[in-house]
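*Asks:* Dropping a structure here in structure tokens format, bear with me for questions.
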Amino acid sequence: MFLINCPFCGERDQSEFSSGGEAHIVRPKQPTELSDDEWAEYLFMRKNIKGIQFERWNHAHGCRKWFNVVRDTSNDKILSVYKMGEKPPVNYK
Amino acid sequence: MPNYRIHKTEYIDETKRVSFKYDGKTYFGYEGDTLASALLANGIHLVGRSFKYHRPRGIVSCGAEEPNAICQIGSKKDLTEPNVRATELELYEGLEASSQNCWPNVKFDIGGINNFISPLIPAGFYYKTFMWPKSFWKKVYEPLIRLSAGLGKSPTEPDPDIYDHKYVHYDVLVIGGGVSGIIAAKMAAKNNLKTLLVDDKKILGGTTIYQNNESIKIDDKLSSEWLKNEIQEIKKLSKLTIKTRTSIAAYHGYNFLLAKENLTDHLPEEKKKNKIRQRLWKIRAKKVVIATGSIERPLVFNNNDRPGILLSNSINKYLDYYGVTCGENIILFTNNDSAYETSISLHKKGIKNIIVDLRKSANSELIKQAESLGIKIYFNHVVTNTFGYRKINSLEIMKLSEDGNTTVGNKIRLSCDCLGMSGGWTPMVHMHTQSGGKLDFRDEDQVFLPKENSEDQISVGSCNGDFDLENIIDKTVNKINKFLDIDNQDYQDTNIICSKENDKRNIWLLPNKIPLGKTKCFIDFQNDSTAKDIKLALKEGFRSIEHVKRYTTTGMATDQGKLSNMHALGIIADTAGVKMGTLGTTTFRPPFTPLTFGTLVGRNVGKFFEVVRKTSMHEWHVKNNAEFENVGQWKRPWYYPKNGENMHDAVQRESKAARDSAGILDASTLGKIDIQGSDASEFLNRVYTNAWSKLAIGKCRYGLMLNEDGMVYDDGVTTRISENHYLMTTTTGGAANVLSKLEDYLQTEWPELDVYLTSVTDHYSTASICGPNSKKILNKLFPNLDSSDENFPHMSFKEGKLENINCRIMRISFTGEQSYEINIESKYGHSLWKMCIEAGKEFNLTPYGTETMHLLRAEKGFIIVGQDTDGTMTPSDLQMDWIVSKKKFDFIGKRSLYRSDTVREDRKQLVGLLTDDPKEILEEGAQIVSDVKSKPIDMLGHVTSSYFSPNLNKSIALAVVRSGKTMKGQKLIIPMENKNINVTVSDTIFLDKENKRLNA
Ligand SMILES: [Zn+2]
């Protein structure tokens, strides 16, 4: 059970949060201009990394804000937390 | 009755005699006893039968590792509890316990015959024998296995006990209250760290608390005396919380641990009443100190499982802690020094004993002490066999060869009534590995030790492989100072004198002249697996410890192999000729000891099991005999049976009344989202498939929401209340998800939009009145409202006042009838409902539930998201192309509507079905085919909604059918178990295609 440091509320139990999958997948601005393959890339393709992964989390039973998390999926350690719209930390690439 | 209690100790209160029943017979013990110590005091060793061979088995240990003394407690249907370890169960007045796994009784046991046919029950027996024929499983194998493999009885009635959960946060959690745990807790708490110390026993002190050997001293005191002082001191520390009778069940990531506190299990029945029985502690600790100690190992030799054979240190604890001797003529069989402590203690209390030591020779203070007391020691000898059926009465020993691989010389037969065995000590690394820590193997004494950590934790004491007191204290102090980054000097000058073990010899499977196939060298006592089984598994090609474990069932009983896993590994390593450290271990899974379901569930039982949401009209529905349906967390009226009606009759009546005159539905559960902001219209444009910018203020519009994959996600009517203010409704079940989805898009994709979302589902209650007379009822309720069709047409909204209370009235319809939804603040919902009922009396206003609602909308061909859709239906599949805007640049899911897959002509599409026999009602979910003769039958789709329509006097259904759009008029078949039903594909709208009723 993780402890997640919500950028708005502070450390809270994992049960207050819901996970929103891979982060930094931006919805295309002009979907109609995309080929089926390009749209499918956005719609369906997700990484499933063993190691450092950038994820979206939502403080569903708290402030209801979405934010980003850098998590090492091999040991579940959360390495960094940052708000939507902020640049991902570079040292984990 | 024999009495084996031979001396007084401070842990047994001989002024408080306790009577208890074991297997129906009454015995006496004292306060402070466990069930096991009380039984032993009464001379009872035999406590059960083994799982496979039904061999007589006795108490082996004095703790959580006990494999044999497993009892059924109590006989009441609601309170009886199986699989309780007698070694942990504290004795109380009136305790009733019985042995498990023996039928008809422990002394005469039919399953014991298995002992004589045991050559027929090898490893993997169950897999090999019970494979075929399949039909035998139900009738022969299963009843047979169940009868002979009784693992206790579950209670058959609800548990009346109270359980509790508690969340706590600490700077430091110390697991285990032995010497090292006490030192760690003291150091942490004295340094002002908020500390929790837990121990599974009734009192702190571990094994040192009853240690009384003169050669082991701390600051010139007996180690037990010194420790008692320490315990007195830590009890005064304000920063320290001590929880005894509390065991850690699981160590999860982020230092989140679960502990079970036993609060009343040790109390007599009348004192248990109305008290919390067990509490589950959910602990978050910044740092964790693991001081869980170690467990003594058995030795593996022929017939090592007879009653009267115990772990050597357990004999010591029964003697020095409980005052009970396990025998009068005891033999101790060991490979290390710790059995000498037991021997010396027994000797001092006048119990005759001798030592068989498999080491060639050994030298230490303890051994010198034993020798000087004249205790007979057979070095370099090994027990090769034991005798006695219900209890050991003698054994044979032989000399070991130089290499230890075989025995030499003559057998020596020694009589005894008890045998203590000590194969060394296994550090309890369970917590360390549960936390994600890795292990190292120490060859010298063949132990796995904590290595790397992934959590902020540390192991100290014997669970870290430090076995003598000097080592334990020195290392614990150093490690804790470092771990907590403190500089505690309390133990700087502590002077420790103890015997040091210098000699070790470990043999996992002891040699014997008898071929292995003819011996019974048990490894797992509870699951009855032997050394032979392990070797057989290896011979049959198993290599991985995890596979050998499952094939032989070693370590898979309720004790989870606490006594057996190391020996299994050792024998595998020896047989395969590999180093033990390279094999790895089996996985240590939580819980460390079994948890009751009650503890896990806590207070969430009965009406607290699940969150229930009720509308403000709920009490009226209850009073008016509604049957309820669960929709999400909501309780919704399903139908209102009158005069003993069944569901069908009630629904037919309600449906007819709604179309003939008037019906009323509690629509409060529909999700309601208040949307405000200068970009509210643009936002709706992006989340719904149709256009919203031109919706006039005071008008309502139906919207369809998709996922990005183009599939229908939710639907509902949204009303424009003012320029920048909308009220969206969602499906009852989808409300929370829709809000989350909308918030997600607003926060992450379109943060530039000025839009605010608020869930107001619970804030408003809604009464929906429909039918040809609905307008008349509305007029009675709101005499000042202009309800003319010109001023209040279908799909529009007005505000009204009901006795000065503001209402929002939407003229929208889910039934196809003229219909008004009256929304009012929830606190007035019940009054609103009653006023509607009162006003509707003269029009036979009939309350109807969800079933009638579903029927009425099906007559009209309105879909229910989640019933007629399943996440694979596009608007086009639903024949709802009309609601998808061609003009809008983008909306959620738009691009997916022309992916190659979504434009396929042969997708499953929504159609109506009419049965050839209008009385025949189809089953929802039934498969649809066109040809029953070709095999395999080509399945075209399935029925999604089906009803008998009282208004049309025929059966109607909605279905999804491959290429359904092009099939109107076509005949199809619904094959059922006993017959084929003929149907014709129809339009999805069965009633009032022209919408005359809506606008009437
Ligand atoms: Zn938050």
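Chain labels run A, B, ... following the order of the structure tokens; each chain numbers its residues from 1, and ligands are numbered from 1 in the order shown.
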Do me a favour and pick out the residues of chain A within 6 Å of chain B, using only C-alpha atoms, as a list in words.
*Replies:*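 The answer, sorted by residue number, is Met1, Phe2, Pro31, Thr32 and Asp36 of chain A.
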*Asks:* For the residues in the current selection, export N, CA, C and O atoms as a compact mmCIF listing (two decimals), in the first residue's frame.
*Replies:*
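File written: out-v2.txt
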# COMPACT_ATOMS: atom_id res chain seq x y z
N MET A 1 0.84 -1.20 0.00
CA MET A 1 0.00 0.00 0.00
C MET A 1 0.88 1.25 0.00
O MET A 1 1.56 1.53 0.99
N PHE A 2 0.88 1.96 -1.14
CA PHE A 2 1.79 3.11 -1.26
C PHE A 2 1.36 4.25 -0.32
O PHE A 2 0.21 4.34 0.07
N PRO A 31 -7.54 15.37 -34.34
CA PRO A 31 -7.67 13.92 -34.55
C PRO A 31 -8.08 13.59 -35.98
O PRO A 31 -7.66 12.56 -36.52
N THR A 32 -8.89 14.45 -36.59
CA THR A 32 -9.40 14.12 -37.92
C THR A 32 -8.30 14.04 -38.96
O THR A 32 -8.48 13.47 -40.03
N ASP A 36 -5.59 6.05 -39.46
CA ASP A 36 -6.04 5.04 -38.50
C ASP A 36 -4.89 4.60 -37.60
O ASP A 36 -5.04 4.46 -36.39
*Asks:* Can you write out as a tab-separated table which residues of chain A fall within 9 Å of ligand 1, alongside each residue's closest atom pair and its distance in Å to one decimal, counting only C-alpha atoms and all ligand atoms and ordering rows by chain and ascending residue number?
*Replies:*
residue	atom	partner	partner_atom_place_in_ligand_line	distance
A:Asn5	CA	ligand 1	1 (Zn)	8.3
A:Cys6	CA	ligand 1	1 (Zn)	4.8
A:Pro7	CA	ligand 1	1 (Zn)	6.6
A:Phe8	CA	ligand 1	1 (Zn)	4.8
A:Cys9	CA	ligand 1	1 (Zn)	4.2
A:Gly10	CA	ligand 1	1 (Zn)	6.8
A:Glu11	CA	ligand 1	1 (Zn)	8.6
A:Arg12	CA	ligand 1	1 (Zn)	8.1
A:Glu16	CA	ligand 1	1 (Zn)	8.9
A:Phe17	CA	ligand 1	1 (Zn)	8.7
A:Asn58	CA	ligand 1	1 (Zn)	7.9
A:His59	CA	ligand 1	1 (Zn)	5.0
A:Ala60	CA	ligand 1	1 (Zn)	8.0
A:His61	CA	ligand 1	1 (Zn)	8.1
A:Gly62	CA	ligand 1	1 (Zn)	5.0
A:Cys63	CA	ligand 1	1 (Zn)	4.1
A:Arg64	CA	ligand 1	1 (Zn)	6.3
A:Lys65	CA	ligand 1	1 (Zn)	6.0
A:Trp66	CA	ligand 1	1 (Zn)	8.4
*Asks:* Going by DSSP on the backbone, which residues of chain A come out as alpha helix (DSSP H)? List them as a list in words.
*Replies:*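 These are the residues in question: Asp36, Asp37, Glu38, Trp39, Ala40, Glu41, Tyr42, Leu43 and Phe44 of chain A.
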*Asks:* Here is a test: counting only C-alpha atoms, which residue of A:Asn91, A:Ile49, A:Gln14, A:Tyr42 is nearest to A:Arg27?
*Replies:*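 Closest residue, counting only C-alpha atoms: A:Tyr42.
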*Asks:* Tell me which protein, DNA and RNA residues are within 7 Å of stretch 386-403 of chain B, counting only C-alpha atoms, leaving out same-chain ones fewer than 2 positions away, and put them as number ranges by chain.
*Replies:* B: 46, 56, 303, 306-308, 380-384, 405-418
*Asks:* Set the distance at 10 Å and use only C-alpha atoms: which residues neighbour A:Asp72 once local chain neighbours fewer than 6 positions away are removed? I'd like the list as a PyMOL selection string.
*Replies:* chain A and resi 49-54+78-80+92
*Asks:* Please produce an output containing N, CA, C and O atoms for each residue in the selection, written as an mmCIF file, in the first residue's frame.
*Replies:*
data_model
loop_
_atom_site.group_PDB
_atom_site.id
_atom_site.type_symbol
_atom_site.label_atom_id
_atom_site.label_comp_id
_atom_site.auth_asym_id
_atom_site.auth_seq_id
_atom_site.Cartn_x
_atom_site.Cartn_y
_atom_site.Cartn_z
ATOM 1 N N ILE A 49 6.302 -0.802 -18.429
ATOM 2 C CA ILE A 49 7.734 -0.862 -18.148
ATOM 3 C C ILE A 49 8.007 -1.555 -16.833
ATOM 4 O O ILE A 49 7.316 -1.314 -15.837
ATOM 5 N N LYS A 50 9.006 -2.432 -16.811
ATOM 6 C CA LYS A 50 9.555 -2.853 -15.527
ATOM 7 C C LYS A 50 10.696 -1.890 -15.245
ATOM 8 O O LYS A 50 11.720 -1.927 -15.913
ATOM 9 N N GLY A 51 10.469 -1.026 -14.282
ATOM 10 C CA GLY A 51 11.464 -0.003 -14.013
ATOM 11 C C GLY A 51 10.777 1.332 -13.856
ATOM 12 O O GLY A 51 9.663 1.402 -13.345
ATOM 13 N N ILE A 52 11.420 2.362 -14.335
ATOM 14 C CA ILE A 52 10.895 3.701 -14.072
ATOM 15 C C ILE A 52 9.795 4.066 -15.060
ATOM 16 O O ILE A 52 9.988 4.022 -16.266
ATOM 17 N N GLN A 53 8.650 4.394 -14.526
ATOM 18 C CA GLN A 53 7.462 4.649 -15.336
ATOM 19 C C GLN A 53 6.826 5.973 -14.911
ATOM 20 O O GLN A 53 6.739 6.276 -13.731
ATOM 21 N N PHE A 54 6.357 6.730 -15.888
ATOM 22 C CA PHE A 54 5.661 7.989 -15.617
ATOM 23 C C PHE A 54 4.158 7.715 -15.672
ATOM 24 O O PHE A 54 3.669 7.198 -16.666
ATOM 25 N N ILE A 78 7.993 5.381 -5.250
ATOM 26 C CA ILE A 78 7.632 6.596 -5.972
ATOM 27 C C ILE A 78 8.799 7.573 -5.869
ATOM 28 O O ILE A 78 9.245 7.930 -4.773
ATOM 29 N N LEU A 79 9.324 7.956 -7.021
ATOM 30 C CA LEU A 79 10.559 8.738 -7.030
ATOM 31 C C LEU A 79 10.283 10.227 -7.116
ATOM 32 O O LEU A 79 11.078 11.036 -6.663
ATOM 33 N N SER A 80 9.149 10.573 -7.697
ATOM 34 C CA SER A 80 8.852 11.986 -7.859
ATOM 35 C C SER A 80 7.358 12.174 -8.109
ATOM 36 O O SER A 80 6.695 11.281 -8.628
ATOM 37 N N TYR A 92 15.173 11.030 -14.542
ATOM 38 C CA TYR A 92 14.666 9.645 -14.553
ATOM 39 C C TYR A 92 14.472 9.080 -15.949
ATOM 40 O O TYR A 92 13.937 8.025 -16.109
#
*Asks:* Looking at only C-alpha atoms, which of B:Thr342, B:Gln676, B:Asn336, B:Gln457 is the one that sits closest to B:Leu173?
*Replies:* B:Gln457
*Asks:* How many Å lie between atom CA of B:Thr433 and atom CA of B:Ser61, rounded to one decimal?
*Replies:* 23.9 Å
